[in-house]
Amino acid sequence: MLGIAGYVRDLEYEEVRVLKALARLMRDGESVDVERIAISARMHTDRVSYALSRLNERGLVHRAGRGYHLIYPGLDVLALRELADRGIIASIGRHIGVGKEADVLEAMDEHGRMLAVKFFRIGRISFRDVARKRTLRDVHSWLLISMESARREFQALRRLRAAGVSVPEAVALARHALVMEYIDGVRLVECSALDDPEHVLEDVLENIRLAHTAGMVSADLSEYNILYDTNGRVWIIDWPQSIDARTHPNARTLLERDLKNILRFFRKRFGVEYDLNKAIVYVSMHPTPQP
Ligand SMILES: Nc1ncnc2c1ncn2[C@@H]1O[C@H](COP(=O)(O)OP(=O)(O)OP(=O)(O)O)[C@@H](O)[C@H]1O
Ligand SMILES: [Mg+2]
């Protein structure tokens, strides 16, 4: 992963222009030929070909016949480069989370503030799959879906934060990369014992209630998406799939599923009993706003 930081530094100006043009042109899922990139990047085709061959050598684009596809490593480099240029991040560190649909990396800004960068990887495919050309045509649409997911989670975090929910602060968005506050903690699933599990459960329920009051349901809540920090505070993460509590047709079912996951975990792991109906009533209770 430090390798990517190296690529970002080494990336030539013309290579960035070519990557950006490729990102602009990838809408239709076809590979993009050198001539189209040259027009969009306002560069000579020879320079474009040269930049593409260098990008291809480093695995940042994928060559298919006469054309090229942008692939995740290229999009990563573009996003990192943009975040560095905007002064959002100064360095990239450890890999802290690998999920089905995202890689999360540590980063730091120029003042030494720790950040977490979540790169969405929806539909991630292996090189073997690319070689089989199974989903090469789909790669572009997956990249677009990842960018859309990053945007959705960014907006969700902003709304939740404004509503007082304990979520990491959303710092910036670049393509499929979401930069947020770093939480120094562990996932609840990794906690074998807690000093006061009843209190932690109440804390989680209060956050679900605040989100629900703001019109949002996580729809992916579990012990894997709650962080417990070194001060004993809980943080709810992973919101790209969150839904509107008022208009989504399955809002009630999804809210109940979230609650069931949490209550089951606290019962099995810590022996804490909490009635599901009581939890539903609690989180649906919206205090009337003060005039
Ligand atoms: N702000 C953060 N601070 C510290 N660690 C984080 C932060 N956000 C995520 N992580 C770590 O990265 C892991 C993955 O993050 P997240 O749950 O958001 O994505 P995901 O699980 O890959 O997505 P999906 O559930 O769609 O597969 C988390 O379990 C957590 O360990
Ligand atoms: Mg997760």
# chains A, B, ... in the order shown; residues from 1 in each chain; ligands from 1
>>> residues_around(residues="Ala51 (chain A)", least_positions_apart="4", cutoff="9 Å", atoms="only C-alpha atoms", output="JSON, numbers by chain")
{"A": [12, 14, 15, 16, 18, 46, 47, 55, 56]}
>>> residues_near_ligand(ligand="ligand 1", cutoff="7 Å", atoms="only C-alpha atoms and all ligand atoms", output="NGL selection string")
:A and (96-104 or 116 or 118 or 168 or 180-187 or 224-225 or 237-238)
>>> residues_around(residues="Arg233 (chain A)", least_positions_apart="5", cutoff="10 Å", atoms="only C-alpha atoms", output="number ranges by chain")
A: 166, 185, 200, 203-204, 227-228
>>> write_last_selection(atoms="N, CA and C atoms", output="mmCIF file, in the first residue's frame")
data_model
loop_
_atom_site.group_PDB
_atom_site.id
_atom_site.type_symbol
_atom_site.label_atom_id
_atom_site.label_comp_id
_atom_site.auth_asym_id
_atom_site.auth_seq_id
_atom_site.Cartn_x
_atom_site.Cartn_y
_atom_site.Cartn_z
ATOM 1 N N SER A 166 -23.067 9.400 17.005
ATOM 2 C CA SER A 166 -21.629 9.170 17.163
ATOM 3 C C SER A 166 -21.083 8.442 15.936
ATOM 4 N N GLY A 185 -9.904 2.562 18.106
ATOM 5 C CA GLY A 185 -10.685 1.598 18.870
ATOM 6 C C GLY A 185 -10.715 0.255 18.173
ATOM 7 N N VAL A 200 -23.145 0.125 27.483
ATOM 8 C CA VAL A 200 -22.699 0.199 26.083
ATOM 9 C C VAL A 200 -23.896 -0.055 25.153
ATOM 10 N N ASP A 203 -26.018 2.941 25.000
ATOM 11 C CA ASP A 203 -25.324 3.921 24.164
ATOM 12 C C ASP A 203 -25.608 3.655 22.668
ATOM 13 N N VAL A 204 -25.522 2.386 22.286
ATOM 14 C CA VAL A 204 -25.791 2.019 20.890
ATOM 15 C C VAL A 204 -27.242 2.357 20.549
ATOM 16 N N LEU A 227 -17.570 0.588 16.446
ATOM 17 C CA LEU A 227 -16.226 0.654 17.031
ATOM 18 C C LEU A 227 -16.362 1.092 18.491
ATOM 19 N N TYR A 228 -15.510 0.519 19.329
ATOM 20 C CA TYR A 228 -15.489 0.837 20.754
ATOM 21 C C TYR A 228 -14.120 1.443 21.031
#
>>> atom_distance(atom1="CA of Val272 (chain A)", atom2="CA of Glu198 (chain A)")
6.5 Å
>>> atom_distance(atom1="CA of Gly93 (chain A)", atom2="CA of Leu157 (chain A)")
22.9 Å
>>> select_by_dssp(residues="region 68-180 of chain A", states="strand (DSSP E or B)", output="ChimeraX atom specification")
/A:68-70,91-98,102-108,114-120,170-174,177-180
>>> atom_distance(atom1="CA of Ala172 (chain A)", atom2="CA of His140 (chain A)")
22.9 Å
>>> closest_residue(among="A:Glu106, A:Asp244, A:Asp220, A:Glu202", to="ligand 2", atoms="only C-alpha atoms and all ligand atoms")
A:Asp220
>>> select_by_dssp(residues="region 137-243 of chain A", states="alpha helix (DSSP H)", output="PyMOL selection string")
chain A and resi 137-162+197-213
>>> residues_around(residues="Tyr274 (chain A)", least_positions_apart="5", cutoff="8 Å", atoms="only C-alpha atoms", output="compact mmCIF listing (two decimals) with N, CA and C atoms, in the first residue's frame")
# COMPACT_ATOMS: atom_id res chain seq x y z
N LEU A 263 -29.14 -6.77 19.63
CA LEU A 263 -29.63 -7.41 20.86
C LEU A 263 -29.13 -8.85 20.95
N ARG A 267 -26.81 -10.30 23.96
CA ARG A 267 -27.31 -11.43 24.74
C ARG A 267 -26.29 -12.56 24.74
N ALA A 279 -36.99 -2.06 22.63
CA ALA A 279 -35.97 -1.35 21.84
C ALA A 279 -36.63 -0.59 20.67
>>> residues_around(residues="Phe154 (chain A)", least_positions_apart="6", cutoff="10 Å", atoms="only C-alpha atoms", output="number ranges by chain")
A: 148, 169-173, 177-180, 239-240
>>> write_last_selection(atoms="N, CA and C atoms", output="mmCIF file, in the first residue's frame")
data_model
loop_
_atom_site.group_PDB
_atom_site.id
_atom_site.type_symbol
_atom_site.label_atom_id
_atom_site.label_comp_id
_atom_site.auth_asym_id
_atom_site.auth_seq_id
_atom_site.Cartn_x
_atom_site.Cartn_y
_atom_site.Cartn_z
ATOM 1 N N GLU A 148 -20.418 6.394 -6.401
ATOM 2 C CA GLU A 148 -21.741 6.759 -5.890
ATOM 3 C C GLU A 148 -21.877 6.335 -4.417
ATOM 4 N N GLU A 169 -16.302 11.927 11.816
ATOM 5 C CA GLU A 169 -16.520 13.140 11.023
ATOM 6 C C GLU A 169 -16.084 12.874 9.572
ATOM 7 N N ALA A 170 -16.937 13.233 8.611
ATOM 8 C CA ALA A 170 -16.575 13.081 7.194
ATOM 9 C C ALA A 170 -15.724 14.282 6.812
ATOM 10 N N VAL A 171 -14.497 14.028 6.401
ATOM 11 C CA VAL A 171 -13.552 15.115 6.143
ATOM 12 C C VAL A 171 -13.540 15.512 4.666
ATOM 13 N N ALA A 172 -13.519 14.540 3.771
ATOM 14 C CA ALA A 172 -13.457 14.862 2.338
ATOM 15 C C ALA A 172 -13.874 13.658 1.509
ATOM 16 N N LEU A 173 -14.178 13.957 0.257
ATOM 17 C CA LEU A 173 -14.580 12.933 -0.696
ATOM 18 C C LEU A 173 -13.784 13.157 -1.973
ATOM 19 N N ALA A 177 -13.173 7.502 -2.869
ATOM 20 C CA ALA A 177 -12.478 7.512 -1.583
ATOM 21 C C ALA A 177 -13.136 8.502 -0.622
ATOM 22 N N LEU A 178 -13.411 8.005 0.569
ATOM 23 C CA LEU A 178 -14.024 8.825 1.609
ATOM 24 C C LEU A 178 -13.004 8.990 2.731
ATOM 25 N N VAL A 179 -12.696 10.237 3.070
ATOM 26 C CA VAL A 179 -11.754 10.501 4.151
ATOM 27 C C VAL A 179 -12.541 10.874 5.387
ATOM 28 N N MET A 180 -12.229 10.216 6.487
ATOM 29 C CA MET A 180 -12.952 10.523 7.720
ATOM 30 C C MET A 180 -12.011 10.525 8.913
ATOM 31 N N TRP A 239 -21.998 3.384 6.561
ATOM 32 C CA TRP A 239 -23.348 3.882 6.266
ATOM 33 C C TRP A 239 -23.714 3.996 4.790
ATOM 34 N N PRO A 240 -22.994 3.429 3.826
ATOM 35 C CA PRO A 240 -23.351 3.727 2.424
ATOM 36 C C PRO A 240 -24.734 3.221 2.039
#
>>> closest_residue(among="A:Gly87, A:Glu206, A:Arg175, A:Leu19", to="Ile236 (chain A)", atoms="only C-alpha atoms")
A:Glu206
